[in-house]
Amino acid sequence: MEENELLKKRLEKIQLLKDDGIPLYPNAFRYKDTAAALLTRFEKQDNEILSGLEEIFTVAGRLMAVRNFGKAAFIKVHDRTGDIQGYVNYVIIGGSGFKLFQHLDIGDIIAVSGRVFRTKTEELTIEVTDLQLLSKAIRPLPEKWHGLTDVETRYRQRHLDLIANEKSREVFKKRSRIIQFVRHFMEKRDFAEVETPMMQPQAGGAMAKPFKTHHNALGRDFYLRIAPELYLKRLITAGMERVFELNRSFRNEGISTFHNPEFTMMEFYQAYATYEDLMTMTEEMFTALAERIAGSQKITYQGVEIDFIRPWRRLTVKEAIAQYCDVEPSVLEDGEKAIACARGMGIDVAEQTALGRVIMAIFDEKVEHQIIQPTFITQYPIEVSPLARRNDNDPDFTDRFELIINGKELANAFSELNDPADQRERFLMQLKQREGGDEEAHEMDEDYISVLEYGMPPTAGEGIGIDRLVMLFTDSASIRDVILFPHMRTREG
C-alpha cells in the first residue's frame with residue numbers, strides 16, 4: 001500500500017510537469033563534469049580560493065537524497081564516478097527552477113550547474129544556478145532509498161542493487177579491472193585473443209552435461225559449448241601456437257554459491273610447453289593480480305588469509321589423500337582396498353568402480369575442501385582426464401593439475417594429448433562410461449581426431465574460472481555476487 005501511494009504521488013507530479021510544458025525525457029543534454037573529477041580537482045582548495053572562481057560546472061546523475069529546509073535544500077547527486085552535493089536555494093535558482101525542484105523525486109535523473117563552494121562541514125558543494133530534469137523515475141527506489149538488503153531482490157533486479165549499493169558497484173568495477181588485467185597479461189606474452197563457436201555440433205572439451213538447441217535453417221541440433229578447448233586446439237594445430245579466449249561457457253548442472261550454468265572462463269593454449277610451465281605462469285599471473293588489485297601478495301577471503309607468495313605447494317592427488325586422510329599410499333594402488341577405504345569414509349562407490357574414479361571420489365569428498373592455501377594438485381587419473389597426456393612414469397595417470405584455493409578449484413590445466421590413436425581410445429573409454437549412464441562423459445569426436453592426425457605440436461592448455469577468481473579478489477561469498485545477471489529459480493520454485 002505504501003508503494004502504491006508513492007506511485008500515485010509520482011504520477012500526480014508527472015501530470016504537473018506536463019502541464020508546465022517540462023519534457024520528462026529530453027535527449028539533447030551532454031554532461032561536462034563528473035563528481036570524482038570535481039572532488040579531486042578541488043580537494044585542497046578552501047572557500048577563499050573557490051570564491052574567486054567564475055567557472056560554472058555541470059554534473060548529471062541520479063538524485064539520491066534531499067535535505068529540505070523549505071526555501072533551500074541540500075541534495076546528493078550520484079554519477080558513474082561517485083556522489084557530489086548540491087545546494088538548491090529559492091533566491092539563487094529562481095521561482096521556476098525551484099518549482100521544478102519541488103516536483104522532483106528520489107531516483108530522478110537530473111543535471112545541476114553552478115559554481116562550487118565548501119559548506120561549514122567542509123563538503124565540496126555545487127551552488128545550483130540551473131536545474132534540468134533528464135529522466136523522470138516513476139517507481140520509487142527500494143528500502144526507502146537507504147540501500148537494498150534483500151538478497152533475492154538484489155540478484156533478480158540487479159539494476160536496483162547497483163543503484164542502491166555502493167559495494168555491489170565496486171565489485172563489478174573490480175571485475176572489469178581483473179578481466180582487463182588478465183587480457184593484458186596474456187597479450188604481453190604474445191598470446192593472440194580469438195573467438196570460437198558458442199554453438200557446437202558436439203559438446204566437448206570438458207566432462208559436463210550440455211544445453212541442447214536446434215538450428216532450423218540447418219535442420220540439426222547444436223549444443224551450447226561446455227568449453228572452447230577442442231576449437232582452440234585446432235588453432236594450435238593450424239600453427240597459431242599461442243591463443244587464448246575469454247569465453248562464456250554453459251553447463252547444465254546444479255546452481256550453488258560456486259556454480260552458475262552460464263559462466264566466464266579464460267582458456268589458453270601454448271605450443272611447446274608442458275603443464276609444469278603453466279604452473280609457473282599461473283603463479284606469476286595470480287601474484288601479479290594480487291599486487292594490482294590488493295596491493296599485496298596476501299589477501300583476506302571470508303576471514304581467511306590467502307598467501308600468494310611463491311612458490312606454491314604441489315601435491316599429487318594420491319599424496320593429498322594420504323596427507324589429509326591419513327591413508328597408506330599402498331591402499332590407493334589396489335582397487336578393492338581403495339573401494340573399502342572409500343566406503344569406510346562413508347563414500348558410496350559401486351563394486352566395479354574403476355580405481356581412478358574411486359581415488360577421485362575420495363579426493364573430491366574428503367580432501368579438496370581442506371586445501372586452503374594455493375596448491376597445485378597434480379597427476380589426475382586417466383578415467384577423468386580424457387584429453388590429457390599420459391604421464392610417462394605412470395600411464396594410468398595424466399600430466400594434469402588443478403589449482404585449489406580455499407577449498408575450490410580455480411584453474412584446470414594439462415599437457416595436451418596429441419596422439420590421435422590414444423585419443424580415439426580415450427573417447428571409446430568415455431563412450432562406455434556414457435553407455436553406463438554417465439551423461440557427462442565425452443562423445444566420440446571423429447572430426448577432432450582427424451585434426452590431430454595432421455599433427456598437433458606438444459602443447460599445454462589451461463582454463464581459469466573468471467567468476468571464481470573475481471569472488472576471491474572481491475571477498476564475495478557467492479558466485480551470484482560477481483555475475484551481473486545470475487540465473488535464478490522461479491519464485492514459486
# chains A, B, ... in the order shown; residues from 1 in each chain; ligands from 1

$ select_by_dssp --residues "segment 69-164 of chain A" --states "helix (DSSP H, G or I)" --output "ChimeraX atom specification"
/A:90-93,95-102,142-145,151-156,158-164

$ closest_atom_pairs --of "segment 123-178 of chain A" --to "segment 33-44 of chain A" --cutoff "12 Å" --atoms "only C-alpha atoms" --output "JSON lines"
{"residue": "A:Glu123", "atom": "CA", "partner": "A:Leu39", "partner_atom": "CA", "distance": 9.4}
{"residue": "A:Leu124", "atom": "CA", "partner": "A:Leu39", "partner_atom": "CA", "distance": 6.9}
{"residue": "A:Thr125", "atom": "CA", "partner": "A:Leu39", "partner_atom": "CA", "distance": 9.3}
{"residue": "A:Ile126", "atom": "CA", "partner": "A:Leu38", "partner_atom": "CA", "distance": 9.7}

$ atom_distance --atom1 "atom CA of Glu446 of chain A" --atom2 "atom CA of Glu425 of chain A"
11.8 Å

$ closest_residue --among "A:Met471, A:Ile371, A:Ala217, A:Leu246" --to "Glu193 of chain A" --atoms "only C-alpha atoms"
A:Leu246

$ select_by_dssp --residues "segment 167-333 of chain A" --states "strand (DSSP E)" --output "ChimeraX atom specification"
/A:192-193,199-200,212-215,220-224,242-250,262-271,298-301,304-307,313-316

$ write_last_selection --atoms "C-alpha atoms" --output "PDB file, in the first residue's frame"
ATOM      1  CA  ALA A 192      46.500 -13.972 -29.626  1.00  0.00           C
ATOM      2  CA  GLU A 193      42.933 -13.442 -28.435  1.00  0.00           C
ATOM      3  CA  MET A 199      27.018 -23.338 -30.670  1.00  0.00           C
ATOM      4  CA  GLN A 200      28.800 -26.587 -31.449  1.00  0.00           C
ATOM      5  CA  LYS A 212      20.845 -28.537 -26.379  1.00  0.00           C
ATOM      6  CA  THR A 213      19.242 -26.343 -29.043  1.00  0.00           C
ATOM      7  CA  HIS A 214      18.079 -26.721 -32.647  1.00  0.00           C
ATOM      8  CA  HIS A 215      19.036 -24.729 -35.738  1.00  0.00           C
ATOM      9  CA  ARG A 220      20.207 -30.056 -36.978  1.00  0.00           C
ATOM     10  CA  ASP A 221      20.809 -29.952 -33.244  1.00  0.00           C
ATOM     11  CA  PHE A 222      23.603 -27.936 -31.665  1.00  0.00           C
ATOM     12  CA  TYR A 223      24.974 -27.680 -28.135  1.00  0.00           C
ATOM     13  CA  LEU A 224      25.928 -24.580 -26.195  1.00  0.00           C
ATOM     14  CA  ARG A 242      49.690 -19.211 -28.508  1.00  0.00           C
ATOM     15  CA  VAL A 243      45.964 -18.481 -28.253  1.00  0.00           C
ATOM     16  CA  PHE A 244      43.502 -17.505 -25.537  1.00  0.00           C
ATOM     17  CA  GLU A 245      39.798 -16.823 -25.269  1.00  0.00           C
ATOM     18  CA  LEU A 246      37.819 -15.023 -22.592  1.00  0.00           C
ATOM     19  CA  ASN A 247      34.681 -17.016 -23.143  1.00  0.00           C
ATOM     20  CA  ARG A 248      31.186 -17.734 -21.954  1.00  0.00           C
ATOM     21  CA  SER A 249      30.537 -21.436 -21.405  1.00  0.00           C
ATOM     22  CA  PHE A 250      27.392 -23.310 -20.402  1.00  0.00           C
ATOM     23  CA  GLU A 262      26.422 -19.800 -17.603  1.00  0.00           C
ATOM     24  CA  PHE A 263      29.902 -18.716 -16.580  1.00  0.00           C
ATOM     25  CA  THR A 264      33.076 -17.000 -17.777  1.00  0.00           C
ATOM     26  CA  MET A 265      36.409 -18.729 -18.331  1.00  0.00           C
ATOM     27  CA  MET A 266      39.766 -17.699 -19.670  1.00  0.00           C
ATOM     28  CA  GLU A 267      41.170 -20.650 -21.603  1.00  0.00           C
ATOM     29  CA  PHE A 268      44.589 -20.605 -23.249  1.00  0.00           C
ATOM     30  CA  TYR A 269      46.968 -22.930 -25.091  1.00  0.00           C
ATOM     31  CA  GLN A 270      50.701 -22.717 -25.626  1.00  0.00           C
ATOM     32  CA  ALA A 271      52.632 -24.901 -28.038  1.00  0.00           C
ATOM     33  CA  LYS A 298      48.335 -11.649   0.732  1.00  0.00           C
ATOM     34  CA  ILE A 299      44.574 -11.145   0.737  1.00  0.00           C
ATOM     35  CA  THR A 300      41.714 -11.998   3.080  1.00  0.00           C
ATOM     36  CA  TYR A 301      38.855 -14.091   1.778  1.00  0.00           C
ATOM     37  CA  VAL A 304      40.852 -16.393   5.946  1.00  0.00           C
ATOM     38  CA  GLU A 305      44.258 -15.064   4.877  1.00  0.00           C
ATOM     39  CA  ILE A 306      45.317 -16.358   1.465  1.00  0.00           C
ATOM     40  CA  ASP A 307      49.073 -16.163   0.818  1.00  0.00           C
ATOM     41  CA  ARG A 313      52.741 -26.199  -2.757  1.00  0.00           C
ATOM     42  CA  ARG A 314      52.494 -29.097  -5.220  1.00  0.00           C
ATOM     43  CA  LEU A 315      50.932 -32.479  -4.345  1.00  0.00           C
ATOM     44  CA  THR A 316      49.739 -35.386  -6.469  1.00  0.00           C
TER      45      THR A 316
END

$ residues_around --residues "segment 325-342 of chain A" --least-positions-apart "4" --cutoff "12 Å" --atoms "only C-alpha atoms" --output "count of residues only"
34

$ residues_around --residues "Tyr275 of chain A" --least-positions-apart "6" --cutoff "7 Å" --atoms "only C-alpha atoms" --output "list in words"
Asp399, Arg400, Ala413, Phe414, Ser415 and Ala460 of chain A

$ closest_residue --among "A:Lys408, A:His259, A:Lys8, A:Arg62" --to "Lys76 of chain A" --atoms "only C-alpha atoms"
A:Arg62

$ residues_around --residues "Phe117 of chain A" --least-positions-apart "5" --cutoff "12 Å" --atoms "only C-alpha atoms" --output "list in words"
Leu38, Leu39, Phe42, Glu43, Gln45, Asp46, Asn47, Glu48, Ile49, Leu50, Ser51, Gly52, Leu53, Glu54, Glu55, Ile56, Phe57, Ile84, Gln85, Gly86, Tyr87, Glu122, Glu123, Leu124, Thr125, Ile126, Glu127 and Val128 of chain A

$ residues_around --residues "Pro142 of chain A" --least-positions-apart "6" --cutoff "12 Å" --atoms "only C-alpha atoms" --output "list of chain:residue names"
A:Glu2, A:Glu3, A:Leu6, A:Met64, A:Ile106, A:Gly107, A:Leu148, A:Thr149, A:Asp150, A:Thr153, A:Arg154, A:Gln157, A:Arg158, A:His159, A:Leu160, A:Asp161, A:Leu162, A:Ile163, A:Ala164, A:Asn165
